[in-house]
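Trainee: Take a look at the following structure, please.
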Amino acid sequence: MKQFLLALFLLNSFNLSAQDSQNLSVNFKPTFNGEPLVLTDDEADLSGKDIQIETFRFYISKVELLNGGEIVYEEPNSFHLLDVSNPLSLNLSLNFEFNAQNPITHLKFQIGIDSLTNVSGAFGGDLDPSNGMYWTWQSGYINFKLEGVAAECPARHNRFQFHIGGYQGPYKALQTVSLPVANIEEVNIQLRLEDFMGKINLEETYQVMSPNKISHELAILLPSMFSIVR
Amino acid sequence: MKKWQIIIGVFVMTSLAFTTFENTLFNYPAYFPLPEYKFDNNPLSHEKIELGRALFYDTILSEDNSTSCASCHSPYNAFAHTDHDLSHGIYDQIGTRNAPALFNLAWQNSFMWDGAVNHLDMQALAPITHPKEMNERIENVIQKLQNNPIYPPLFYEAFKDSVVTGEYVLKALSQFQLTLVSDNAKFDQVKRGEATFTEQELNGYALFKHHCNSCHTEPLFSNYEFANNGLPIDSTLNDYGKGAITNYAEDSLLFKVPSLRNLSYTLPYMHDGRFRKLGQVLNHYVEGIHQSPTLSEALKQPIVLNSNEKTDLIAFLLTLNDKSFAFKPEHQFPRDILLPSTGN
């Protein structure tokens, strides 16, 4: 018993002197034109508004913490389905060993699912193909899904649908985001939807649901939505 | 190569072969190549295979409980759909392609005639959701299975979890289909020294090796790649195969090379079922090749066969019929699970 306590003591003091277990909460905050984004929950109603969002969900994967260009921490099994209709899904929690001599300067992640995972069969949890984020007629995850109604959209019931994905060929949709981190307890990331929607002409582009040239152009716009809230 | 490397290599190879024969759930002959399917990600178990078999035969996967996987992939047809040129789905709708036979799937890593599906696990999603096949949403399938008294206990036995998920449904379906190994045709019996070819079959085998084996490679009788085999396009379908999936011009009119095993059970032939008889297929290769930019290299030189040679070649092709596969009891409708009230 004495030996055990001694070992425990040594272990603790070693931990205290060198590294600390640190919890970083990463919170995604979707906004639209400066206001928190609110999804329409019943029949989309355009009265009094130009645009309404019904569905907004996307994958974040390969979450890493960096010191400059050096990886300090890689989240294991790092696949997250973020769904604006499920606020809990917008908060990630990273547990890592913090070492003051190797400070964290950046948070890096991918928007979407990598090609290896795309060709490796069925997975569960956030990657379960029954989450509505998998194409059935042609294999592949939908990295980013945004649906709603807009007055200017000429489609039936003014609906627009953006299902952005594709893991092979010239139209790979996977995107990388790297953001500066000053606080190792909490990082708040704003997702400004207007930075995506504002760059799309909804009179022409309103239904994108397969990997092609247009979906690739839209995928490239995605990282610009993400920024750190001071 | 050093001597010890050879010794280790031989040891690894014999232990692999030994594993193959030891495994009672998935067997294949030593002259088959190693499977493509990564069994480590979905380890086989009797319970999962049986759950997959129940799902394969259950119409619960379709919107109106009318159509199962077996509706178009019947065991007696080597899991194809004899006599239907194009597949026949829900509400008597007709699709655009011939339902392919299902066997030796563990050796394949892309699926559908155009390669649209990249993994066996994901394949079932396409027919379940297709409006002309089963017209159902995977989310609804999961809900229906969860609410059905038969299934939660089966999922528990298989996955130690009675909560039905998409992953479990797809992995169980894969497991049953992985067990559909066709390796007991007369060809296989000759390979194993249990039978001998007739003179006509031997003659046909020589012709096969000369004219067919580069794409329909033995012992699986397909290289499972994609090729344009010179069929003129059917203007009622305008099907460009793999080209429509990848958008690459060099993939236009490429279709998956099917296996030549079990031809007597899997007619009609080709991606659109345009030929009902093997004679028509041979006539196509001899005199019907349609020239186009993506035509297979192997077909650019004409294939010359006289009528005796055609007869001999067909005699050989018939040695690839695996009757014991088509009638194997473990592959049939799971009466004890899906029809327990009959008491059988």
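We name chains A, B, ... following the order of the structure tokens; residues begin at 1 in each chain, and ligands are numbered from 1 as shown.
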Show which residues sit within 9 Å of Pro75 of chain B, as a list in words. Count only C-alpha atoms, and ignore same-chain residues fewer than 2 positions away.

Mentor: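 In the requested format, the answer is Ala70, His73, Asn77, Ala78, Phe79, Ala80, Leu102, Phe325, Ala326, Phe327, Lys328, His331, Gln332 and Phe333 of chain B.
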
Trainee: How about saving the chosen residues, C-alpha atoms kept, as a short mmCIF file (atom, residue, chain, number, x, y, z; two decimals), in the first residue's frame?

Mentor:
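Below you can see part_26.cif, which holds the result:
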```cif
data_model
loop_
_atom_site.label_atom_id
_atom_site.label_comp_id
_atom_site.auth_asym_id
_atom_site.auth_seq_id
_atom_site.Cartn_x
_atom_site.Cartn_y
_atom_site.Cartn_z
CA ALA B 70 -34.51 -11.47 -53.16
CA HIS B 73 -31.87 -11.51 -56.65
CA ASN B 77 -31.07 -17.79 -60.33
CA ALA B 78 -27.66 -17.47 -58.63
CA PHE B 79 -29.19 -14.31 -57.08
CA ALA B 80 -30.05 -12.72 -60.43
CA LEU B 102 -24.78 -11.94 -56.52
CA PHE B 325 -24.60 -22.86 -55.10
CA ALA B 326 -28.06 -22.15 -56.53
CA PHE B 327 -29.69 -24.71 -54.25
CA LYS B 328 -27.60 -24.38 -51.07
CA HIS B 331 -28.77 -19.37 -48.82
CA GLN B 332 -32.53 -19.84 -49.01
CA PHE B 333 -35.47 -17.97 -47.44
#
```

Trainee: Please, which residues of segment 83-147 of chain A, numbered as in this document, come out alpha helix (DSSP H) from DSSP, as a VMD selection string?

Mentor: chain A and resid 115 to 118

Trainee: Produce a table with one row for each residue of chain A that has an atom at most 12 Å from any atom of chain B, each row naming the nearest atom pair and its distance in Å at one decimal; use only C-alpha atoms; arrange rows by chain and rising residue number; format as a tab-separated table.

Mentor:
```
residue	atom	partner	partner_atom	distance
A:Ser115	CA	B:Asn118	CA	11.1
A:Leu116	CA	B:Asn118	CA	11.1
A:Thr117	CA	B:His119	CA	11.0
A:Asn118	CA	B:Asn118	CA	8.4
A:Val119	CA	B:Asn118	CA	5.9
A:Ser120	CA	B:His119	CA	6.9
A:Gly121	CA	B:Asp121	CA	5.1
A:Ala122	CA	B:Glu167	CA	5.3
A:Phe123	CA	B:Glu167	CA	5.4
A:Gly124	CA	B:Glu167	CA	5.2
A:Gly125	CA	B:Glu167	CA	8.4
A:Asp126	CA	B:Glu167	CA	10.6
A:Leu127	CA	B:Glu167	CA	8.7
A:Asp128	CA	B:Glu167	CA	5.7
A:Pro129	CA	B:Gly166	CA	6.0
A:Ser130	CA	B:Gly166	CA	5.2
A:Asn131	CA	B:Glu139	CA	7.7
A:Gly132	CA	B:Glu139	CA	8.1
A:Met133	CA	B:Ile138	CA	11.5
A:Tyr134	CA	B:Leu125	CA	9.3
A:Trp135	CA	B:Leu125	CA	8.5
A:Thr136	CA	B:Ala126	CA	4.8
A:Trp137	CA	B:Ala126	CA	4.9
A:Gln138	CA	B:Ala116	CA	4.7
A:Ser139	CA	B:Val117	CA	4.8
A:Gly140	CA	B:Asn118	CA	8.3
A:Tyr141	CA	B:Met122	CA	11.0
A:Gly166	CA	B:Thr246	CA	10.8
A:Tyr167	CA	B:Asn118	CA	11.3
A:Gln168	CA	B:Thr246	CA	8.9
A:Gly169	CA	B:Thr246	CA	7.5
A:Pro170	CA	B:Thr246	CA	9.5
A:Tyr171	CA	B:Thr246	CA	10.0
A:Ser210	CA	B:Ile245	CA	10.0
A:Pro211	CA	B:Thr246	CA	9.3
A:Asn212	CA	B:Asn247	CA	8.6
A:Lys213	CA	B:Asn247	CA	10.5
```

Trainee: Give me the residues within 12 Å of Ala249 of chain B as a list of chain:residue names, counting only C-alpha atoms and dropping any in the same chain fewer than 4 places off.

Mentor: B:Tyr240, B:Gly241, B:Lys242, B:Gly243, B:Ala244, B:Ile245, B:Leu253, B:Leu254, B:Ser292, B:Pro293, B:Thr294

Trainee: Show which residues sit within 9 Å of segment 24-39 of chain A, as a PyMOL selection string. Count only C-alpha atoms, and ignore same-chain residues fewer than 6 positions away.

Mentor: chain A and resi 52-56+82+84-85+90-96+148+183-195+226

Trainee: Please measure the separation of atom CA of Thr105 of chain A and atom CA of Ala182 of chain A, giving the value in Å to one decimal.

Mentor: 6.6 Å

Trainee: Rounded to one decimal in Å, what is the spacing between atom CA of Ser296 of chain B and atom CA of Phe316 of chain B?

Mentor: 23.5 Å

Trainee: Which of these residues is nearest to Phe162 of chain A, using only C-alpha atoms: A:Thr205, A:Gln175, A:Asn77, A:Asn102?

Mentor: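 Distance minimum relative to Phe162 of chain A lands on A:Thr205.
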
Trainee: Which residue out of B:Asp336, B:Pro302, B:Leu318, B:Glu47 has the minimum interatomic distance to Thr198 of chain B when only C-alpha atoms are used?

Mentor: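 Smallest separation from Thr198 of chain B among the options: B:Leu318.
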